[in-house]
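Here the structure is laid out as structure tokens; the discussion comes afterwards.
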Amino acid sequence: MRREHLLLGLLAAALLALPLALDRYQTSVLVLVFLSAYVGQAWNVMMGFAGLLSLGHALYVGLGAYVSAALFVHFGVSPLIGLLAAVAVCVGVAMAIGALSFQFRIEGVYFALLTIAFAEVARIGFDHLKWTGGAGGLFLPVAGSDGQWWNLRGGPLFFYYVALAMAAAAFALCAALRRSKLGYQWLAVREDAEAARAVGIDVTRARMSAVVVSAAMSALGGVVHVFYYNNVFSAQIFDMTRSIDIMLAPIIGGIGTLFGPILGAFILVPLGEGLIFATQALGVNAPGAKAVFFGLALMIIIFLAPNGIWPSLRKRLGIGEAKP
Amino acid sequence: MSLLKVDGVTKRFRGLVAVDTVSLDVEKGAIFAVIGPNGAGKTTLFNLIAGVYACDGGAIHFDGARIDGLAPDAVCAFGLARTFQIVRPFPGLTVHENVAIGALLRQADPQAAFAAAEEVLRKLDLWDRRAQVASSLTLPDRKRLEVARALATKPKLLLLDEVMAGLRPTETDRMVEILRMINRDEGVTIVLIEHVMRAVMALADQVHVLNHGASIAEGSPREVTRHPQVIASYLGAEALG
Ligand SMILES: Nc1ncnc2c1ncn2[C@@H]1O[C@H](COP(=O)(O)OP(=O)(O)OP(=O)(O)O)[C@@H](O)[C@H]1O
Ligand SMILES: [Mg+2]
């Protein structure tokens with residue numbers, strides 16, 4: 001444990017000071033890294049801890065983005081307040097999905113399909129919802145609000161620290177959950193729901209709480225996403241590729257681990273950015289070239305570390321995770 | 001005083017009557033055995049008691065409360081824990097975690113649950129294996145883990161489904177010893193399904209015999225083993241080998 005704490009302390013200090021050495025672009029890449037780590041951590045609560053595969057996690061990010069942005073645009077509601085509404089909406093939807101699945105015993109891949117279905121419904125629904133700009137998207141006013149931190153207005157440096165704090169908080173929250181009674185119940189349900197029932201665990205309640213925690217966390221991810229980009233389009237934010245992006249960091253980093261989503265984000269986001277430059281520099285202009293290289297890189301990583309990078313790295317470093 | 005009272009329960013699987021109006025009366029503090037040939041309905045009876053299946057008829061009372069119709073987790077919370085004949089450990093978790101999760105039923109604090117689990121693990125000779133992942137255990141150790149995890153929920157009554165199967169004679173004797181200790185020292189009532197007659201004879205106060213879903217005999221081990229119908233349908237077949 002000591003060694004881990006020391007590593008964590010060093011990492012925190014380095015990350016706090018890092019923007020001093022970065023330009024605007026590099027800072028913005030790290031914002032994406034932290035946001036990816038944050039939402040990956042939320043996804044991991046469902047899949048990694050409770051064994052519930054969400055293939056439509058963009059749903060919660062998108063809802064969080066739309067709710068907070070709409071409240072801000074139409075009523076001037078600060079996103080700090082809008083966040084509460086965003087969380088409420090996401091939790092409500094999550095509970096509806098949970099109730100539907102767990103009531104009708106929709107499990108495994110069928111549950112995963114249901115999560116996609118809900119994300120698709122949201123995508124199409126928001127495409128037609130005039131109040132949030134329909135297919136044309138919703139735009140936040142940018143001018144004259146610089147430095148209004150309570151309205152989440154600021155540049156990459158501001159969002160660097162916002163996203164860093166979120167990633168750190170999500171890590172701390174998940175670490176605490178992982179060691180809590182609820183966390184162990186999630187693991188039990190993930191490993192064998194029938195056996196979990198036999199030791200007195202209310203499986204439906206455990207699953208529901210995982211969905212709710214994950215959705216609530218994701219809502220904040222959506223709020224910050226939209227206030228960082230200043231716009232949101234239903235066709236993008238709810239898209240399947242977005243859901244896949246959300247899952248990739250924790251999958252590559254190590255499903256069910258605490259460092260996996262962070263490590264995965266630190267590898268995948270810069271990799272994606274780097275490939276954009278590399279394909280441009282090499283003069284490869286074929287559409288999808290970046291995606292092909294990205295896919296190849298993923299295959300190599302999965303081949304080298306089939307259980308995720310963090311578990312194999314951890315073994316090499318000789319450190320444990322989340323043992324009482 | 002009777003702790004578990006099963007009143008004419010029936011369970012049908014489509015055409016098959018797996019359990020046919022079976023009644024049991026298990027005294028508090030007793031060790032009660034359920035025996036019978038393969039497919040007799042023993043495990044199905046356990047699943048009815050544990051709340052895995054709903055009864056197609058009859059009633060089950062435990063510790064004064066009616067428990068048929070309750071979900072398995074609610075039954076366990078009432079103080080009725082079970083093991084699975086086909087063992088079901090939490091495969092990716094350590095032995096210690098497996099048992100601590102059982103202990104968490106009565107313990108909100110994980111730290112305390114791990115401490116409680118240590119006690120149980122030592123009792124079942126699994127303490128040395130505590131850091132091992134459950135999926136890496138041998139079958140006898142998995143059987144022990146089943147008992148340990150169930151015991152960690154602090155039950156009033158343990159339903160043990162063939163926990164001796166696959167054990168070597170010395171291991172069987174050790175398990176008999178452990179079960180006796182759990183029964184005597186902690187006052188846990190035990191209902192066990194067992195094919196190993198040596199263990200049944202050594203442990204049980206009362207034996208209930210099922211055949212084709214129906215009860216054919218009940219009594220002390222000596223009475224039951226002399227019962228002509230039991231010899232014909234079960235013991236005889238085994239004795240003839
Ligand atoms: N879920 C099920 N669906 C359909 N039939 C079942 C089911 N479970 C058990 N059965 C049938 O019910 C009968 C009783 O099975 P059960 O498992 O209770 O027997 P058992 O006495 O435990 O046998 P064994 O000694 O082999 O464990 C068998 O014919 C079995 O095939
Ligand atoms: Mg059986």
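By order of appearance in the structure tokens: chains A, B, ..., then residues from 1 within every chain, and ligands from 1 in the order shown.
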Residues of chain A within 9 Å of chain B, counting only C-alpha atoms - could you list those as number ranges by chain? A: 179-181, 184-185, 187-192, 194-203, 324
Test item: residues no farther than 10 Å from ligand 1, counting only C-alpha atoms and all ligand atoms, as number ranges by chain: B: 11-19, 34-48, 52-53, 85-86, 161-162, 193-195, 210-213
Write the residues you've just listed into a file as a CSV table (one decimal), in the first residue's frame, and include C-alpha atoms for each of them.
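Output contents, as saved in selection_23.csv:
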```
chain,number,residue,atom,x,y,z
B,11,LYS,CA,-42.7,-29.4,-7.6
B,12,ARG,CA,-43.4,-30.4,-11.2
B,13,PHE,CA,-41.1,-29.9,-14.2
B,14,ARG,CA,-43.5,-30.0,-17.1
B,15,GLY,CA,-44.7,-33.7,-16.9
B,16,LEU,CA,-42.2,-34.8,-14.2
B,17,VAL,CA,-43.1,-34.6,-10.6
B,18,ALA,CA,-39.7,-34.0,-9.1
B,19,VAL,CA,-40.9,-33.6,-5.5
B,34,VAL,CA,-32.0,-36.7,3.2
B,35,ILE,CA,-31.0,-39.7,1.1
B,36,GLY,CA,-32.2,-41.4,-2.0
B,37,PRO,CA,-31.1,-42.5,-5.4
B,38,ASN,CA,-30.0,-40.2,-8.2
B,39,GLY,CA,-32.9,-38.1,-9.5
B,40,ALA,CA,-35.0,-38.7,-6.4
B,41,GLY,CA,-35.6,-35.0,-6.0
B,42,LYS,CA,-33.3,-34.2,-3.2
B,43,THR,CA,-31.7,-31.2,-4.7
B,44,THR,CA,-35.1,-30.0,-6.0
B,45,LEU,CA,-36.4,-30.2,-2.4
B,46,PHE,CA,-33.5,-28.0,-1.3
B,47,ASN,CA,-34.2,-25.6,-4.0
B,48,LEU,CA,-37.8,-25.3,-2.9
B,52,VAL,CA,-34.9,-21.0,-5.9
B,53,TYR,CA,-38.2,-22.6,-7.1
B,85,GLN,CA,-24.2,-29.7,-5.2
B,86,ILE,CA,-22.5,-28.3,-8.3
B,161,ASP,CA,-26.0,-30.7,-0.7
B,162,GLU,CA,-23.5,-33.6,-1.0
B,193,ILE,CA,-28.1,-34.6,1.3
B,194,GLU,CA,-25.6,-37.3,1.2
B,195,HIS,CA,-24.8,-40.5,-0.7
B,210,LEU,CA,-36.8,-40.0,-1.1
B,211,ASN,CA,-37.5,-42.1,-4.2
B,212,HIS,CA,-39.0,-40.7,-7.4
B,213,GLY,CA,-39.9,-37.5,-5.7
```
Nearest candidate to ligand 2 (options B:Ile231, B:Ala165, B:Pro221, B:Ala199; using only C-alpha atoms and all ligand atoms):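 Residue with the minimum atom-to-atom distance to ligand 2: B:Ala165.
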From a DSSP calculation on the backbone, collect every residue of range 243-293 of chain A in helix (DSSP H, G or I) and output the set as a PyMOL selection string. chain A and resi 243-253+260-281+289-293
Neighbour list for Asp63 in chain B as a ChimeraX atom specification, cut-off 8 Å, only C-alpha atoms, skip fewer than 2 positions in-chain: /B:2-4,61,65
Closest of A:Ala170, A:Leu35, A:Ile262, A:Val269 to Val213 in chain A - atom-to-atom distances counting only C-alpha atoms: A:Ala170
Residue with smallest distance to Ala176 in chain A - pool A:Leu258, A:Ile276, A:Met217, A:Ala96, counting only C-alpha atoms: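 Closest to Ala176 in chain A of all the choices is A:Leu258.
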Which residues are near Gly56 in chain A? Cut-off 6 Å, only C-alpha atoms, ignore same chain within fewer than 5 positions. Put them as a PyMOL selection string. chain A and resi 115-116+119+243
Can you measure CA of Phe118 in chain A to CA of Ile97 in chain A for me? One decimal in Å is fine. 8.1 Å
List the neighbours of Phe259 in chain A out to 9 Å using only C-alpha atoms; skip same-chain residues closer than 2 positions along the sequence, and give me the result as an MDAnalysis selection string. chainID A and resid 41 171 250 253:254 257 261:264 310 321
Please identify which residues in range 152-203 of chain B DSSP calls strand (DSSP E or B) from the backbone, and express them as a PyMOL selection string. chain B and resi 157-161+189-193
Selection to disk with N, CA and C atoms, as a PDB file, in the first residue's frame:
```pdb
ATOM      1  N   LEU B 157     -29.792 -22.623  10.263  1.00  0.00           N
ATOM      2  CA  LEU B 157     -29.876 -23.937   9.632  1.00  0.00           C
ATOM      3  C   LEU B 157     -29.052 -23.947   8.347  1.00  0.00           C
ATOM      4  N   LEU B 158     -28.292 -25.025   8.172  1.00  0.00           N
ATOM      5  CA  LEU B 158     -27.457 -25.185   6.979  1.00  0.00           C
ATOM      6  C   LEU B 158     -28.043 -26.293   6.118  1.00  0.00           C
ATOM      7  N   LEU B 159     -28.247 -26.005   4.837  1.00  0.00           N
ATOM      8  CA  LEU B 159     -28.635 -27.041   3.888  1.00  0.00           C
ATOM      9  C   LEU B 159     -27.382 -27.437   3.114  1.00  0.00           C
ATOM     10  N   LEU B 160     -26.915 -28.664   3.305  1.00  0.00           N
ATOM     11  CA  LEU B 160     -25.666 -29.091   2.665  1.00  0.00           C
ATOM     12  C   LEU B 160     -25.972 -30.145   1.603  1.00  0.00           C
ATOM     13  N   ASP B 161     -25.682 -29.818   0.357  1.00  0.00           N
ATOM     14  CA  ASP B 161     -26.001 -30.732  -0.737  1.00  0.00           C
ATOM     15  C   ASP B 161     -24.754 -31.494  -1.188  1.00  0.00           C
ATOM     16  N   THR B 189     -28.358 -26.020  13.198  1.00  0.00           N
ATOM     17  CA  THR B 189     -29.102 -27.193  12.743  1.00  0.00           C
ATOM     18  C   THR B 189     -28.643 -27.520  11.324  1.00  0.00           C
ATOM     19  N   ILE B 190     -28.498 -28.808  11.015  1.00  0.00           N
ATOM     20  CA  ILE B 190     -27.978 -29.184   9.699  1.00  0.00           C
ATOM     21  C   ILE B 190     -28.926 -30.143   8.995  1.00  0.00           C
ATOM     22  N   VAL B 191     -29.248 -29.811   7.748  1.00  0.00           N
ATOM     23  CA  VAL B 191     -29.959 -30.758   6.891  1.00  0.00           C
ATOM     24  C   VAL B 191     -29.013 -31.084   5.749  1.00  0.00           C
ATOM     25  N   LEU B 192     -28.672 -32.369   5.602  1.00  0.00           N
ATOM     26  CA  LEU B 192     -27.705 -32.691   4.557  1.00  0.00           C
ATOM     27  C   LEU B 192     -28.210 -33.762   3.626  1.00  0.00           C
ATOM     28  N   ILE B 193     -27.919 -33.556   2.352  1.00  0.00           N
ATOM     29  CA  ILE B 193     -28.146 -34.577   1.344  1.00  0.00           C
ATOM     30  C   ILE B 193     -26.816 -35.309   1.209  1.00  0.00           C
TER      31      ILE B 193
END
```
With a distance cut-off of 7 Å and only C-alpha atoms, select the neighbouring residues of Val87 in chain A, excluding the residue or stretch itself and same-chain residues fewer than 5 positions from it, and output the selection as a list in words. Gly64, Ala216 and Ala219 of chain A
Which neighbours of Leu53 in chain A fall inside 8 Å, counting only C-alpha atoms, when residues of the same chain fewer than 6 positions from it are skipped, and could you give them as a PyMOL selection string? chain A and resi 46-47+108-109+111-112
Write a file of the selected residues as an mmCIF file, in the first residue's frame, keeping C-alpha atoms.
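Okay, part_14.cif is ready:
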```cif
data_model
loop_
_atom_site.group_PDB
_atom_site.id
_atom_site.type_symbol
_atom_site.label_atom_id
_atom_site.label_comp_id
_atom_site.auth_asym_id
_atom_site.auth_seq_id
_atom_site.Cartn_x
_atom_site.Cartn_y
_atom_site.Cartn_z
ATOM 1 C CA MET A 46 -21.323 -1.278 -14.230
ATOM 2 C CA MET A 47 -19.213 -3.692 -16.260
ATOM 3 C CA GLY A 108 -26.113 -10.594 -20.470
ATOM 4 C CA VAL A 109 -26.088 -9.663 -24.141
ATOM 5 C CA PHE A 111 -29.208 -6.298 -21.410
ATOM 6 C CA ALA A 112 -26.392 -4.881 -23.528
#
```
What does the structure give for the distance between CA of Ala112 in chain B and CA of Ser214 in chain A, in Å to one decimal?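 CA of Ser214 in chain A lies 27.2 Å from CA of Ala112 in chain B.
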For CA of Phe158 in chain A and CA of Val232 in chain A, quote the distance in Å rounded to one decimal.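 Going from CA of Phe158 in chain A over to CA of Val232 in chain A covers 19.8 Å.
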